[in-house]
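One structure is given here, and the rest of the page talks about it.
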Amino acid sequence: MKRIRMIKVIITLAISLFSASVSVQAGDTDTTEQVRKMPISIKYCTSYDSLMADKWQSVDSVYVIVKSRTKQMWWGGKDFKFDSDNKYTNKLLKKYAFAVMYNDTLLVNTAPYKGGSVRFGNGYAHAYRMKDGHLMITYFNIGQMSKRAMMSSMFGLVGAFITASSNEKVAKQDVCYILPLVGKKATIVDAKIMEVLLHDQQELLNEYHAVNKKDRLNAEVIMPLLRKAGIL
(Lines give C-alpha, C1' and ligand atoms only; values in the text may rest on other atoms or scores of the structure.)
Protein backbone atom coordinates (compact mmCIF):
# COMPACT_ATOMS: atom_id res chain seq x y z
CA MET A 1 0.00 0.00 0.00
CA LYS A 2 2.81 2.40 0.89
CA ARG A 3 4.48 1.66 -2.44
CA ILE A 4 1.26 2.41 -4.35
CA ARG A 5 0.81 5.69 -2.51
CA MET A 6 4.41 6.62 -3.25
CA ILE A 7 3.94 5.88 -6.95
CA LYS A 8 0.85 8.11 -7.01
CA VAL A 9 2.77 10.94 -5.37
CA ILE A 10 5.62 10.59 -7.86
CA ILE A 11 3.20 10.63 -10.81
CA THR A 12 1.43 13.72 -9.46
CA LEU A 13 4.72 15.54 -8.99
CA ALA A 14 5.85 14.51 -12.45
CA ILE A 15 2.68 15.89 -14.05
CA SER A 16 3.02 19.14 -12.11
CA LEU A 17 6.65 19.61 -13.11
CA PHE A 18 5.94 18.70 -16.71
CA SER A 19 2.98 21.08 -16.99
CA ALA A 20 5.09 23.88 -15.56
CA SER A 21 7.88 23.08 -18.02
CA VAL A 22 5.48 23.13 -20.96
CA SER A 23 4.07 26.43 -19.75
CA VAL A 24 7.49 28.09 -19.71
CA GLN A 25 8.27 26.78 -23.18
CA ALA A 26 4.95 28.12 -24.45
CA GLY A 27 5.54 31.51 -22.85
CA ASP A 28 3.03 31.04 -20.02
CA THR A 29 5.13 31.45 -16.87
CA ASP A 30 2.13 32.19 -14.66
CA THR A 31 0.93 28.78 -13.51
CA THR A 32 -0.19 29.91 -10.07
CA GLU A 33 -3.33 31.62 -8.91
CA GLN A 34 -3.25 35.40 -8.77
CA VAL A 35 -5.23 36.60 -5.78
CA ARG A 36 -6.16 40.23 -5.44
CA LYS A 37 -4.67 41.15 -2.08
CA MET A 38 -7.26 43.70 -1.03
CA PRO A 39 -10.94 42.69 -0.80
CA ILE A 40 -13.23 44.64 -3.10
CA SER A 41 -16.92 45.24 -3.72
CA ILE A 42 -18.54 43.75 -6.79
CA LYS A 43 -21.99 43.79 -8.34
CA TYR A 44 -23.93 40.65 -9.13
CA CYS A 45 -27.34 39.56 -10.38
CA THR A 46 -29.09 36.26 -9.84
CA SER A 47 -30.93 35.87 -13.15
CA TYR A 48 -30.85 36.63 -16.85
CA ASP A 49 -33.86 38.95 -16.48
CA SER A 50 -32.10 40.94 -13.76
CA LEU A 51 -29.07 41.31 -16.01
CA MET A 52 -31.16 42.53 -18.93
CA ALA A 53 -32.90 45.02 -16.63
CA ASP A 54 -29.56 46.12 -15.14
CA LYS A 55 -30.75 45.25 -11.65
CA TRP A 56 -27.54 44.65 -9.77
CA GLN A 57 -26.84 44.00 -6.11
CA SER A 58 -23.58 44.70 -4.32
CA VAL A 59 -21.49 42.47 -2.10
CA ASP A 60 -18.41 43.51 -0.14
CA SER A 61 -15.15 41.91 1.02
CA VAL A 62 -14.66 39.74 -2.05
CA TYR A 63 -11.31 38.48 -3.32
CA VAL A 64 -10.71 37.99 -7.03
CA ILE A 65 -8.82 34.88 -8.12
CA VAL A 66 -7.50 34.60 -11.67
CA LYS A 67 -6.15 31.29 -12.93
CA SER A 68 -3.81 30.89 -15.87
CA ARG A 69 -5.14 28.71 -18.67
CA THR A 70 -2.35 26.22 -17.99
CA LYS A 71 -3.52 25.72 -14.42
CA GLN A 72 -7.13 25.43 -15.59
CA MET A 73 -6.12 22.78 -18.10
CA TRP A 74 -4.43 20.60 -15.48
CA TRP A 75 -6.43 21.33 -12.33
CA GLY A 76 -9.78 22.79 -13.47
CA GLY A 77 -11.47 26.11 -12.74
CA LYS A 78 -12.28 29.06 -14.98
CA ASP A 79 -10.76 32.43 -15.82
CA PHE A 80 -12.26 34.13 -12.76
CA LYS A 81 -13.30 32.97 -9.32
CA PHE A 82 -14.56 35.03 -6.40
CA ASP A 83 -13.77 34.15 -2.82
CA SER A 84 -14.79 35.54 0.55
CA ASP A 85 -14.30 34.82 4.23
CA ASN A 86 -18.10 34.89 4.49
CA LYS A 87 -19.59 31.44 3.81
CA TYR A 88 -22.91 32.89 2.63
CA THR A 89 -21.15 35.14 0.11
CA ASN A 90 -19.07 32.21 -1.13
CA LYS A 91 -22.17 30.08 -1.69
CA LEU A 92 -23.99 32.98 -3.32
CA LEU A 93 -21.26 33.64 -5.86
CA LYS A 94 -20.62 29.97 -6.57
CA LYS A 95 -24.17 28.68 -6.92
CA TYR A 96 -26.72 31.47 -7.16
CA ALA A 97 -25.16 34.44 -8.95
CA PHE A 98 -25.92 34.45 -12.66
CA ALA A 99 -23.45 37.18 -13.60
CA VAL A 100 -20.93 39.52 -12.01
CA MET A 101 -19.80 42.98 -13.02
CA TYR A 102 -16.12 43.21 -12.11
CA ASN A 103 -15.01 46.79 -12.74
CA ASP A 104 -16.38 47.25 -16.27
CA THR A 105 -16.09 43.57 -17.20
CA LEU A 106 -19.19 41.40 -17.52
CA LEU A 107 -18.65 37.84 -16.32
CA VAL A 108 -21.10 34.94 -16.41
CA ASN A 109 -21.18 32.02 -13.99
CA THR A 110 -20.44 28.98 -16.17
CA ALA A 111 -21.36 26.37 -13.54
CA PRO A 112 -24.86 25.54 -14.90
CA TYR A 113 -23.86 25.33 -18.56
CA LYS A 114 -22.64 22.63 -20.91
CA GLY A 115 -20.95 22.80 -24.28
CA GLY A 116 -22.45 19.78 -26.00
CA SER A 117 -22.24 17.02 -23.39
CA VAL A 118 -19.32 18.58 -21.50
CA ARG A 119 -19.86 20.80 -18.48
CA PHE A 120 -18.01 24.08 -18.23
CA GLY A 121 -17.53 23.72 -14.48
CA ASN A 122 -17.32 26.26 -11.68
CA GLY A 123 -16.09 29.80 -12.20
CA TYR A 124 -16.72 32.81 -14.41
CA ALA A 125 -15.93 33.60 -18.05
CA HIS A 126 -16.03 36.82 -20.08
CA ALA A 127 -19.48 37.57 -21.46
CA TYR A 128 -20.82 39.89 -24.15
CA ARG A 129 -24.36 41.02 -24.87
CA MET A 130 -25.76 40.26 -28.30
CA LYS A 131 -28.27 42.60 -29.89
CA ASP A 132 -30.92 39.85 -30.04
CA GLY A 133 -30.81 39.43 -26.24
CA HIS A 134 -28.54 36.40 -26.06
CA LEU A 135 -25.25 36.33 -24.22
CA MET A 136 -21.99 35.18 -25.75
CA ILE A 137 -19.10 33.91 -23.65
CA THR A 138 -15.52 33.31 -24.68
CA TYR A 139 -13.57 30.35 -23.41
CA PHE A 140 -11.47 27.54 -24.81
CA ASN A 141 -13.09 24.69 -26.73
CA ILE A 142 -14.14 22.42 -23.86
CA GLY A 143 -15.42 19.71 -26.21
CA GLN A 144 -12.10 19.45 -28.00
CA MET A 145 -10.21 19.50 -24.71
CA SER A 146 -12.42 16.74 -23.33
CA LYS A 147 -11.75 14.53 -26.36
CA ARG A 148 -8.02 15.09 -26.03
CA ALA A 149 -8.16 14.24 -22.33
CA MET A 150 -9.98 10.99 -23.08
CA MET A 151 -7.44 10.03 -25.73
CA SER A 152 -4.46 10.82 -23.51
CA SER A 153 -5.99 8.89 -20.60
CA MET A 154 -6.02 5.78 -22.76
CA PHE A 155 -2.23 5.90 -22.77
CA GLY A 156 -1.77 6.90 -19.13
CA LEU A 157 0.96 9.25 -17.97
CA VAL A 158 2.92 8.90 -21.22
CA GLY A 159 -0.16 9.92 -23.20
CA ALA A 160 -0.67 12.95 -20.99
CA PHE A 161 2.92 14.04 -21.55
CA ILE A 162 2.68 13.60 -25.31
CA THR A 163 -0.53 15.61 -25.70
CA ALA A 164 0.30 18.32 -23.15
CA SER A 165 1.88 20.73 -25.64
CA SER A 166 -1.01 20.59 -28.12
CA ASN A 167 -3.50 20.86 -25.27
CA GLU A 168 -1.77 24.09 -24.21
CA LYS A 169 -2.62 25.60 -27.58
CA VAL A 170 -6.26 24.62 -27.24
CA ALA A 171 -6.43 26.01 -23.70
CA LYS A 172 -5.07 29.40 -24.77
CA GLN A 173 -7.31 29.76 -27.82
CA ASP A 174 -10.73 31.30 -27.14
CA VAL A 175 -13.81 30.24 -29.03
CA CYS A 176 -17.31 31.71 -28.74
CA TYR A 177 -20.36 30.13 -27.13
CA ILE A 178 -23.91 31.49 -27.30
CA LEU A 179 -25.88 30.88 -24.11
CA PRO A 180 -29.50 29.77 -24.49
CA LEU A 181 -32.41 31.85 -23.26
CA VAL A 182 -33.96 28.59 -22.04
CA GLY A 183 -31.99 25.57 -20.92
CA LYS A 184 -28.30 25.11 -20.14
CA LYS A 185 -26.78 23.90 -23.42
CA ALA A 186 -24.45 26.49 -24.90
CA THR A 187 -23.85 26.56 -28.67
CA ILE A 188 -20.34 26.93 -30.03
CA VAL A 189 -20.12 29.47 -32.85
CA ASP A 190 -18.86 27.44 -35.79
CA ALA A 191 -19.19 27.81 -39.57
CA LYS A 192 -22.85 26.69 -39.55
CA ILE A 193 -23.79 29.26 -36.90
CA MET A 194 -21.88 32.00 -38.71
CA GLU A 195 -23.86 31.19 -41.87
CA VAL A 196 -27.04 31.88 -39.90
CA LEU A 197 -25.75 34.97 -38.11
CA LEU A 198 -24.37 36.57 -41.28
CA HIS A 199 -27.03 35.34 -43.71
CA ASP A 200 -27.83 38.89 -44.85
CA GLN A 201 -24.21 40.12 -44.69
CA GLN A 202 -22.65 38.43 -47.70
CA GLU A 203 -19.54 40.61 -47.72
CA LEU A 204 -18.77 39.70 -44.11
CA LEU A 205 -19.60 36.07 -44.79
CA ASN A 206 -17.11 36.10 -47.67
CA GLU A 207 -14.54 37.60 -45.31
CA TYR A 208 -15.20 34.78 -42.86
CA HIS A 209 -14.88 32.09 -45.53
CA ALA A 210 -11.56 33.59 -46.61
CA VAL A 211 -10.08 32.62 -43.24
CA ASN A 212 -8.20 29.34 -43.01
CA LYS A 213 -10.63 26.59 -41.96
CA LYS A 214 -8.65 25.64 -38.89
CA ASP A 215 -8.96 29.22 -37.59
CA ARG A 216 -12.69 29.75 -38.17
CA LEU A 217 -13.63 28.81 -34.61
CA ASN A 218 -11.27 31.38 -33.12
CA ALA A 219 -12.87 34.21 -31.17
CA GLU A 220 -10.48 36.80 -32.64
CA VAL A 221 -11.88 35.89 -36.08
CA ILE A 222 -15.54 35.69 -35.14
CA MET A 223 -16.05 38.64 -32.79
CA PRO A 224 -14.80 41.45 -35.09
CA LEU A 225 -17.12 40.19 -37.84
CA LEU A 226 -20.11 40.08 -35.48
CA ARG A 227 -19.31 43.61 -34.33
CA LYS A 228 -19.16 44.81 -37.94
CA ALA A 229 -22.53 43.15 -38.54
CA GLY A 230 -24.02 44.92 -35.48
CA ILE A 231 -24.70 41.60 -33.77
CA LEU A 232 -22.47 42.35 -30.78
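For the C-alpha coordinates, the naming scheme is as follows: chains receive sequential letters (A, B, ...) according to their order of presentation, residues are indexed from 1 within each chain, and ligands are indexed from 1 in presentation order.
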
Please identify all polymer residues within 10 Å of Arg119 in chain A, counting only C-alpha atoms, omitting same-chain residues fewer than 6 positions from it, and present them as a list in words.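 Near Arg119 in chain A, the qualifying residues are Thr110, Ala111, Pro112, Tyr113, Ile142, Gly143, Ser146, Lys184, Lys185 and Ala186 of chain A.
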
Quick one: pick out all helix (DSSP H, G or I) residues within range 192-228 of chain A from a backbone DSSP run and write them as JSON, numbers by chain. {"A": [192, 193, 194, 195, 196, 197, 202, 203, 204, 205, 206, 207, 208, 209, 213, 214, 215, 219, 220, 221, 222, 223, 224, 225, 226, 227, 228]}

Proximity to Ser117 in chain A - best of A:Lys55, A:Lys91, A:Asp79, A:Thr187, only C-alpha atoms: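 Of all the options, A:Thr187 lies closest to Ser117 in chain A.
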
CA of Lys114 in chain A and CA of Pro180 in chain A are how many Å apart?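 Between CA of Lys114 in chain A and CA of Pro180 in chain A the gap works out to 10.5 Å.
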
Using only C-alpha atoms, the residue out of A:Val66, A:Ala97, A:Val211, A:Ile137 with shortest distance to Ala125 in chain A is A:Ile137

Between CA of Met38 in chain A and CA of Asp174 in chain A, what is the distance in Å, rounded to a tenth?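 Taking CA of Met38 in chain A and CA of Asp174 in chain A, their separation equals 29.1 Å.
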
Can you pull out every residue within 8 Å of Ala191 in chain A, counting only C-alpha atoms, but drop anything in the same chain fewer than 3 positions away, and send it as a count of residues only? 4

As an exercise, work out the distance from CA of Met130 in chain A to CA of Ile178 in chain A in Å and give it to one decimal place.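 Calculated distance between CA of Met130 in chain A and CA of Ile178 in chain A is 9.0 Å.
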
Which residue of A:Lys214, A:Ala171, A:Tyr48, A:Asp200 approaches Leu135 in chain A most closely, using only C-alpha atoms: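 That would be A:Tyr48, the residue with the smallest distance to Leu135 in chain A.
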